[in-house]
Amino acid sequence: MRLPIRHVANNIVFTTHGTCWAVWRVAATNYSHAPSAAKRRRLKALEALVKSLTGEPMLLSLCPQVDPVAVVRAMVADVDLQRSPRYEQLGHAVLDQLEEMELTGRTDWLAVPLPALSHKDALLGAFRSAKAEVALQLGLMPAPVTAAEVAQRTEQAARMQAQWPAGVSMRPATEAEILWIYGHSARRGLAEPFLPDGTEAPVRGRGRTVAALGEVLLAEGGTDFGQRRTAPGNPFAHRYVQVSSEWGDSYQALLALSEMPEAFALPGAAYLQQLDDLAYPVDWAARLVITPGAKAEAKSRKRARHLKAQAAEYEGDPAGPPASTVQHQEDNDEYRERLMASAREVEVRAMVTLAVWGTSADEANDRAAALAADFGSTDYTFARPVGEQTSLWHAMLPGSRTPRVLTGYAQYLLARDFAMAMPWCGSQLGDERGALFGFQLASGGVRPVLIDPARGPQENASGSMAFVGELGAGKSVALKSAVYNVLARGHVLGKVRSRGRAVIVDRTKQEEWVRFARACPGTTQVIRIDQAAEVSLDPLRLYVDHSPKVAARFCESFLTLLLGVRPMDLEGVALSEAVQAVLEAPDPSMRALIDELTRRGGGDPASRTLARKLEAVARKDLAAVVFDETLPVVDTCRADSVVFAVNSLALPKKSELASDHRIERLEFEKVLGRALMYLIAAVARETVMASKEEFGVAVFDECWWLTSSDEGLELLLELLRDGRKHNAAAYVASHDPDDIGPAETEKGVIVRGLIPHRMAFRQTTRALAERALDFLGVDASDPDLLELVTTGLSPIDADMPEEEKAARAGECLYRDLAGRIGLMRVLIPADAAVMDAIHTTPDDYRTAA
């Protein structure tokens, strides 16, 4: 057989039977885990589009193969590989890994037959097609479609699109994309050319390259072409089709939607969207026949009279008419009422075809059986008619006539009812280029998720990320993987001074972040804050040359936390005045501040009290990191990764920070630790924002210690607000989303809103699971989502084999920069040094609860 096209130009397909079709590529939107408001908007947009379509349009959704080489190219795009040898090695390792997987995507299309411009045009079209077919049979070159006809049809398609609502985004398909659609139908499961991206040049030859598709052989039930059989096989004994071409034999099983529930509602009605949640790829096509409501109402009225006549036959029967007859009457009355409720309502006759495939006939059959079983608990039934696999295969080709067998499976619906199937609602995650961060789950094969850490600031958005989950759920591993990507791909091609930077606060006893940072690409500087400090964090010495105002603010915030001073009390005012005086004098320092307060203390009791407090603090061994003038000022500008090892610092527990009464009675070590952690966070903030040519991230694991104080929350808020302008971001992680940004405070709400990348890992506690879902921006009371977060992500079932537990480690719900939400499994970078250092040892524990 030959494919039903003879000429392709722009987005117009001229068929072998005289009709013209226009094809558009549709932009899909994530649906399954989207917020409720987004789902309602998508449903309304699809309903409006269906009401605007006329004739017999075709909705198409295909799963193209993804080129592993293209994935790796997207990984290394804009990265200076000469300065990033380990990232280049990572690319080779990823390529070897991806070549062993079935990588797929999903792409959506709308094909609409263009009405004939006139009766004469319809006759001429049929005549030209017949003439071209005769010429081909005689071995002659048929006359091409004229440029004037192409321009006329292209303008007709553009006018048609202009009349559709803008809620569903689409663009005219390119010639290469259209040719790919037809080629894909013959090569499902085979090595096929990869889907064009729409930026390619027009196909040369004004459509004559359609011949490059060649001819394909279709065998109903499968036949070994070219091999002799001792006895003829029965082509109707098997329900699949064998498509043989120069690229090999493709085994495909075609199914038709045969039954639907009598009544349905979301989310169960979104069966087309649910196809994207299966573990194997599924192509689908929906052929529609759109009938205006006024015309369809006449048929429904005729059906009403027929049903009433049936009921009248049972008037003399004491049992009355059958319940089914009464139910049909009620359904038809409701249908008529809805049909006439709006002048724009239409009747949709939908004929849906699905295709699965495999490397063998058995695999194709197994997937078809699995597909039917996956919908077995619902009232959606998919049939595989015997001897009609070839006809259903043709039904999925734009430009082909609707086969007779498919009309027997037609479903009569209103526009909203069909829209509730949620076509063109596949799931996509991540960026077009960037590091391979993970694999998307439940998406019809394996779909890589790429994340470019620096994309946010480059597109006037935030690049910050948040990781939420319980202990052992995978959030720390994901956080480390994100940091690795920043450091590994920071050298941008053409920017000599570019690099990736990370400033990390490590509170673990085992110094896991120190070990991890040293395993990452680039140089590492470890700053230990303990009794044997080797550098000074004195804010008056650190930032006086950079900005006296910054030095004053950091110094005052540090001391108010340390001394328990309220900024507007007399002591707070006295402290502010003394700091300002020290900054205006030469060689400012904490020791100079103590001397200044002592001098002022002769006539000011508040200054005298402050001086005594600071003298007492300065005598503590842990305070030397701030008060010892002999220590050199810390320099965090040279190393790629800077790690503050602070496991010697004691911090108050969250319960101790719950009230002012308990804060006032904290041990001095915890008070000092809390103030020093603020100061370290301030240094981290200034370090990552020091150069716009470098993308830097400040990493705060278990970030409650930072956000538990107003000063720390304000510091994080400033980093999130100013990070975009300074090419910087914050990576934060915690068990509870309220630790990142308290939902009951104004600042907390702003902090949440400024973090676009959000990942929610397993939370077996229902209250924390609800908070995690709310943090993602979805319905926190959705029972399916709650079950997913509490039991479905990286399950810890004791009966589960260890191999399966390891394979499912790192599962999460991910909200990407575009606001799309989907399931993902975080991938540990295929870097041997990092793989050895990224996991936490079993005896590791936190310094504070």
# chains A, B, ... in the order shown; residues from 1 in each chain; ligands from 1
call {"tool": "residues_around", "arguments": {"residues": "A:Ala219", "least_positions_apart": "6", "cutoff": "10 Å", "atoms": "only C-alpha atoms", "output": "list in words"}}
result
Phe225, Pro235, Tyr240, Val241, Gln242, Val243, Ser244, Tyr251, Gln389 and Thr390 of chain A
call {"tool": "select_by_dssp", "arguments": {"residues": "stretch 403-632 of chain A", "states": "alpha helix (DSSP H)", "output": "MDAnalysis selection string"}}
result
chainID A and resid 404:407 415:419 455:458 475:488 512:519 539:542 548:563 570:584 590:600 605:618 624:627
call {"tool": "closest_residue", "arguments": {"among": "A:Ala294, A:Leu441, A:Ala286, A:Met465", "to": "A:Ala355", "atoms": "only C-alpha atoms"}}
result
A:Ala286
call {"tool": "closest_residue", "arguments": {"among": "A:Val352, A:Val468, A:Met677, A:Val633", "to": "A:Ser557", "atoms": "only C-alpha atoms"}}
result
A:Met677
call {"tool": "residues_around", "arguments": {"residues": "stretch 578-593 of chain A", "least_positions_apart": "6", "cutoff": "6 Å", "atoms": "only C-alpha atoms", "output": "PyMOL selection string"}}
result
chain A and resi 540-541+627
call {"tool": "closest_residue", "arguments": {"among": "A:Phe264, A:Met101, A:Leu450, A:Leu392", "to": "A:Thr378", "atoms": "only C-alpha atoms"}}
result
A:Phe264
call {"tool": "closest_residue", "arguments": {"among": "A:Ala832, A:Asp506, A:Glu686, A:Pro521", "to": "A:Pro85", "atoms": "only C-alpha atoms"}}
result
A:Pro521
call {"tool": "closest_residue", "arguments": {"among": "A:Pro801, A:Pro322, A:Gly723, A:Gly603", "to": "A:Asn460", "atoms": "only C-alpha atoms"}}
result
A:Gly723
call {"tool": "closest_residue", "arguments": {"among": "A:Arg501, A:Arg674, A:Arg287, A:Arg762", "to": "A:Ala350", "atoms": "only C-alpha atoms"}}
result
A:Arg287
call {"tool": "residues_around", "arguments": {"residues": "stretch 64-68 of chain A", "least_positions_apart": "2", "cutoff": "9 Å", "atoms": "only C-alpha atoms", "output": "ChimeraX atom specification"}}
result
/A:62,70-73,94-99,102-107,184,188-189,191-195,447
call {"tool": "write_last_selection", "arguments": {"atoms": "C-alpha atoms", "output": "JSON list (two decimals), in the first residue's frame"}}
result
[["chain", "number", "residue", "atom", "x", "y", "z"],
["A", 62, "LEU", "CA", 2.24, 10.25, 19.19],
["A", 70, "ALA", "CA", 20.35, 14.72, 21.47],
["A", 71, "VAL", "CA", 19.90, 14.43, 25.24],
["A", 72, "VAL", "CA", 23.65, 14.55, 25.82],
["A", 73, "ARG", "CA", 24.01, 17.46, 23.40],
["A", 94, "VAL", "CA", 25.09, 9.23, 30.43],
["A", 95, "LEU", "CA", 25.14, 8.34, 26.72],
["A", 96, "ASP", "CA", 26.06, 4.74, 27.51],
["A", 97, "GLN", "CA", 23.30, 4.65, 30.11],
["A", 98, "LEU", "CA", 20.58, 6.10, 27.87],
["A", 99, "GLU", "CA", 21.35, 3.88, 24.90],
["A", 102, "GLU", "CA", 13.54, 3.09, 25.68],
["A", 103, "LEU", "CA", 13.50, 6.87, 25.58],
["A", 104, "THR", "CA", 10.21, 8.36, 24.46],
["A", 105, "GLY", "CA", 8.37, 11.64, 24.50],
["A", 106, "ARG", "CA", 4.90, 12.80, 23.51],
["A", 107, "THR", "CA", 3.89, 15.19, 20.80],
["A", 184, "HIS", "CA", 6.44, 7.13, 12.48],
["A", 188, "ARG", "CA", 6.75, 2.18, 15.59],
["A", 189, "GLY", "CA", 9.26, 0.32, 17.72],
["A", 191, "ALA", "CA", 14.96, 2.88, 14.85],
["A", 192, "GLU", "CA", 13.31, 5.91, 13.29],
["A", 193, "PRO", "CA", 14.36, 9.44, 12.42],
["A", 194, "PHE", "CA", 13.90, 11.68, 15.41],
["A", 195, "LEU", "CA", 11.13, 14.23, 15.62],
["A", 447, "ARG", "CA", 11.73, 10.56, 29.67]]
call {"tool": "residues_around", "arguments": {"residues": "stretch 754-756 of chain A", "least_positions_apart": "5", "cutoff": "10 Å", "atoms": "only C-alpha atoms", "output": "MDAnalysis selection string"}}
result
chainID A and resid 456 461:466 717 719:721 729:732 740 749 776 815:819
call {"tool": "write_last_selection", "arguments": {"atoms": "all heavy atoms", "output": "compact mmCIF listing (two decimals), in the first residue's frame"}}
result
# COMPACT_ATOMS: atom_id res chain seq x y z
N GLY A 456 17.01 30.28 35.33
CA GLY A 456 16.11 31.23 35.96
C GLY A 456 16.60 32.66 35.86
O GLY A 456 15.90 33.53 35.30
N ALA A 461 13.92 35.23 36.04
CA ALA A 461 13.19 34.47 37.04
C ALA A 461 14.19 33.98 38.08
O ALA A 461 15.39 34.09 37.92
CB ALA A 461 12.46 33.29 36.39
N SER A 462 13.67 33.45 39.15
CA SER A 462 14.53 32.93 40.22
C SER A 462 15.01 31.53 39.86
O SER A 462 14.29 30.75 39.24
CB SER A 462 13.76 32.90 41.54
OG SER A 462 14.51 32.24 42.54
N GLY A 463 16.23 31.22 40.27
CA GLY A 463 16.77 29.88 40.07
C GLY A 463 16.78 29.06 41.34
O GLY A 463 17.40 27.99 41.39
N SER A 464 16.10 29.52 42.38
CA SER A 464 16.14 28.85 43.68
C SER A 464 15.34 27.55 43.66
O SER A 464 14.38 27.39 42.91
CB SER A 464 15.61 29.79 44.76
OG SER A 464 16.43 30.94 44.88
N MET A 465 15.74 26.63 44.54
CA MET A 465 15.11 25.32 44.62
C MET A 465 14.83 24.99 46.08
O MET A 465 15.58 25.41 46.97
CB MET A 465 16.00 24.25 44.00
CG MET A 465 16.41 24.51 42.56
SD MET A 465 17.47 23.22 41.86
CE MET A 465 16.27 21.91 41.64
N ALA A 466 13.77 24.22 46.31
CA ALA A 466 13.40 23.77 47.66
C ALA A 466 13.14 22.27 47.61
O ALA A 466 12.51 21.76 46.68
CB ALA A 466 12.18 24.52 48.17
N LEU A 717 15.08 35.94 52.48
CA LEU A 717 14.19 36.68 51.59
C LEU A 717 14.99 37.63 50.69
O LEU A 717 14.71 37.75 49.49
CB LEU A 717 13.17 37.46 52.43
CG LEU A 717 12.12 38.27 51.67
CD1 LEU A 717 11.34 37.39 50.71
CD2 LEU A 717 11.18 38.97 52.64
N LEU A 719 18.08 37.22 49.72
CA LEU A 719 18.79 36.41 48.74
C LEU A 719 17.87 35.99 47.61
O LEU A 719 18.24 36.02 46.43
CB LEU A 719 19.39 35.19 49.43
CG LEU A 719 20.09 34.16 48.54
CD1 LEU A 719 21.18 34.82 47.70
CD2 LEU A 719 20.66 33.02 49.37
N LEU A 720 16.66 35.61 47.95
CA LEU A 720 15.70 35.19 46.93
C LEU A 720 15.30 36.37 46.04
O LEU A 720 15.12 36.23 44.83
CB LEU A 720 14.46 34.58 47.58
CG LEU A 720 14.69 33.27 48.34
CD1 LEU A 720 13.42 32.85 49.07
CD2 LEU A 720 15.13 32.17 47.41
N ARG A 721 15.12 37.54 46.66
CA ARG A 721 14.71 38.71 45.88
C ARG A 721 15.81 39.24 44.98
O ARG A 721 15.58 39.60 43.83
CB ARG A 721 14.26 39.81 46.84
CG ARG A 721 12.83 39.65 47.34
CD ARG A 721 12.50 40.71 48.37
NE ARG A 721 11.07 40.77 48.66
CZ ARG A 721 10.55 41.41 49.69
NH1 ARG A 721 11.34 42.02 50.56
NH2 ARG A 721 9.23 41.42 49.88
N ALA A 729 21.31 32.07 43.58
CA ALA A 729 20.08 31.42 44.03
C ALA A 729 20.33 30.76 45.38
O ALA A 729 21.47 30.66 45.84
CB ALA A 729 19.63 30.37 43.00
N ALA A 730 19.24 30.33 45.99
CA ALA A 730 19.32 29.61 47.26
C ALA A 730 18.73 28.22 47.07
O ALA A 730 17.69 28.06 46.44
CB ALA A 730 18.55 30.36 48.35
N TYR A 731 19.42 27.21 47.61
CA TYR A 731 18.92 25.84 47.65
C TYR A 731 18.64 25.51 49.12
O TYR A 731 19.55 25.52 49.94
CB TYR A 731 19.94 24.86 47.09
CG TYR A 731 20.12 24.91 45.58
CD1 TYR A 731 19.40 25.81 44.79
CD2 TYR A 731 21.00 24.05 44.93
CE1 TYR A 731 19.56 25.86 43.42
CE2 TYR A 731 21.16 24.08 43.56
CZ TYR A 731 20.45 24.99 42.81
OH TYR A 731 20.62 25.03 41.44
N VAL A 732 17.39 25.24 49.43
CA VAL A 732 17.00 24.99 50.82
C VAL A 732 16.29 23.64 50.91
O VAL A 732 15.63 23.21 49.96
CB VAL A 732 16.08 26.11 51.35
CG1 VAL A 732 16.84 27.42 51.47
CG2 VAL A 732 14.86 26.30 50.44
N ILE A 740 10.83 26.34 55.62
CA ILE A 740 11.35 27.14 54.51
C ILE A 740 10.69 28.50 54.49
O ILE A 740 11.36 29.53 54.35
CB ILE A 740 11.14 26.39 53.18
CG1 ILE A 740 11.93 25.08 53.20
CG2 ILE A 740 11.53 27.26 52.00
CD1 ILE A 740 11.65 24.18 52.02
N VAL A 749 5.18 33.61 53.26
CA VAL A 749 4.43 33.46 52.00
C VAL A 749 5.25 34.00 50.83
O VAL A 749 5.29 33.40 49.74
CB VAL A 749 3.08 34.19 52.10
CG1 VAL A 749 2.38 34.21 50.74
CG2 VAL A 749 2.19 33.52 53.14
N LEU A 776 3.57 22.64 47.04
CA LEU A 776 3.68 22.46 45.59
C LEU A 776 2.66 23.30 44.83
O LEU A 776 2.85 23.63 43.66
CB LEU A 776 3.48 21.00 45.21
CG LEU A 776 4.65 20.04 45.45
CD1 LEU A 776 4.24 18.63 45.07
CD2 LEU A 776 5.87 20.46 44.65
N ARG A 815 7.93 20.35 40.80
CA ARG A 815 7.35 21.52 40.14
C ARG A 815 8.50 22.29 39.51
O ARG A 815 9.40 22.77 40.20
CB ARG A 815 6.61 22.40 41.14
CG ARG A 815 6.07 23.68 40.53
CD ARG A 815 5.16 24.42 41.48
NE ARG A 815 4.64 25.64 40.89
CZ ARG A 815 3.57 26.29 41.32
NH1 ARG A 815 2.91 25.82 42.35
NH2 ARG A 815 3.16 27.38 40.74
N ASP A 816 8.48 22.41 38.17
CA ASP A 816 9.62 23.00 37.48
C ASP A 816 9.46 24.50 37.31
O ASP A 816 8.51 25.11 37.83
CB ASP A 816 9.85 22.32 36.12
CG ASP A 816 8.70 22.54 35.15
OD1 ASP A 816 7.79 23.34 35.44
OD2 ASP A 816 8.71 21.92 34.06
N LEU A 817 10.40 25.10 36.61
CA LEU A 817 10.42 26.56 36.47
C LEU A 817 9.16 27.08 35.79
O LEU A 817 8.70 28.19 36.07
CB LEU A 817 11.67 26.98 35.67
CG LEU A 817 11.93 28.47 35.53
CD1 LEU A 817 12.20 29.10 36.89
CD2 LEU A 817 13.12 28.73 34.60
N ALA A 818 8.57 26.28 34.90
CA ALA A 818 7.36 26.69 34.19
C ALA A 818 6.09 26.42 34.99
O ALA A 818 4.99 26.69 34.50
CB ALA A 818 7.27 25.98 32.83
N GLY A 819 6.22 25.88 36.21
CA GLY A 819 5.06 25.61 37.03
C GLY A 819 4.40 24.27 36.76
O GLY A 819 3.35 23.97 37.32
call {"tool": "residues_around", "arguments": {"residues": "A:Leu537", "least_positions_apart": "4", "cutoff": "8 Å", "atoms": "only C-alpha atoms", "output": "PyMOL selection string"}}
result
chain A and resi 541-542+625-626+633-634+679-680
call {"tool": "write_last_selection", "arguments": {"atoms": "N, CA and C atoms", "output": "mmCIF file, in the first residue's frame"}}
result
data_model
loop_
_atom_site.group_PDB
_atom_site.id
_atom_site.type_symbol
_atom_site.label_atom_id
_atom_site.label_comp_id
_atom_site.auth_asym_id
_atom_site.auth_seq_id
_atom_site.Cartn_x
_atom_site.Cartn_y
_atom_site.Cartn_z
ATOM 1 N N ARG A 541 35.069 43.873 59.914
ATOM 2 C CA ARG A 541 36.288 43.744 59.120
ATOM 3 C C ARG A 541 35.993 43.185 57.725
ATOM 4 N N LEU A 542 34.957 42.366 57.639
ATOM 5 C CA LEU A 542 34.664 41.683 56.376
ATOM 6 C C LEU A 542 34.161 42.636 55.296
ATOM 7 N N VAL A 625 36.286 33.351 66.665
ATOM 8 C CA VAL A 625 36.101 33.490 65.226
ATOM 9 C C VAL A 625 35.572 34.875 64.858
ATOM 10 N N VAL A 626 34.997 35.598 65.829
ATOM 11 C CA VAL A 626 34.482 36.942 65.574
ATOM 12 C C VAL A 626 35.304 38.009 66.291
ATOM 13 N N VAL A 633 41.076 37.779 58.028
ATOM 14 C CA VAL A 633 39.681 37.812 57.581
ATOM 15 C C VAL A 633 39.464 36.725 56.534
ATOM 16 N N VAL A 634 38.359 36.025 56.635
ATOM 17 C CA VAL A 634 38.081 34.931 55.714
ATOM 18 C C VAL A 634 37.965 35.453 54.280
ATOM 19 N N LEU A 679 25.384 34.753 60.979
ATOM 20 C CA LEU A 679 26.524 35.427 60.376
ATOM 21 C C LEU A 679 27.094 34.602 59.219
ATOM 22 N N ILE A 680 27.140 33.287 59.384
ATOM 23 C CA ILE A 680 27.627 32.418 58.310
ATOM 24 C C ILE A 680 26.693 32.498 57.102
#
call {"tool": "residues_around", "arguments": {"residues": "A:Ser258", "least_positions_apart": "2", "cutoff": "8 Å", "atoms": "only C-alpha atoms", "output": "ChimeraX atom specification"}}
result
/A:256,260,380-383,409-410
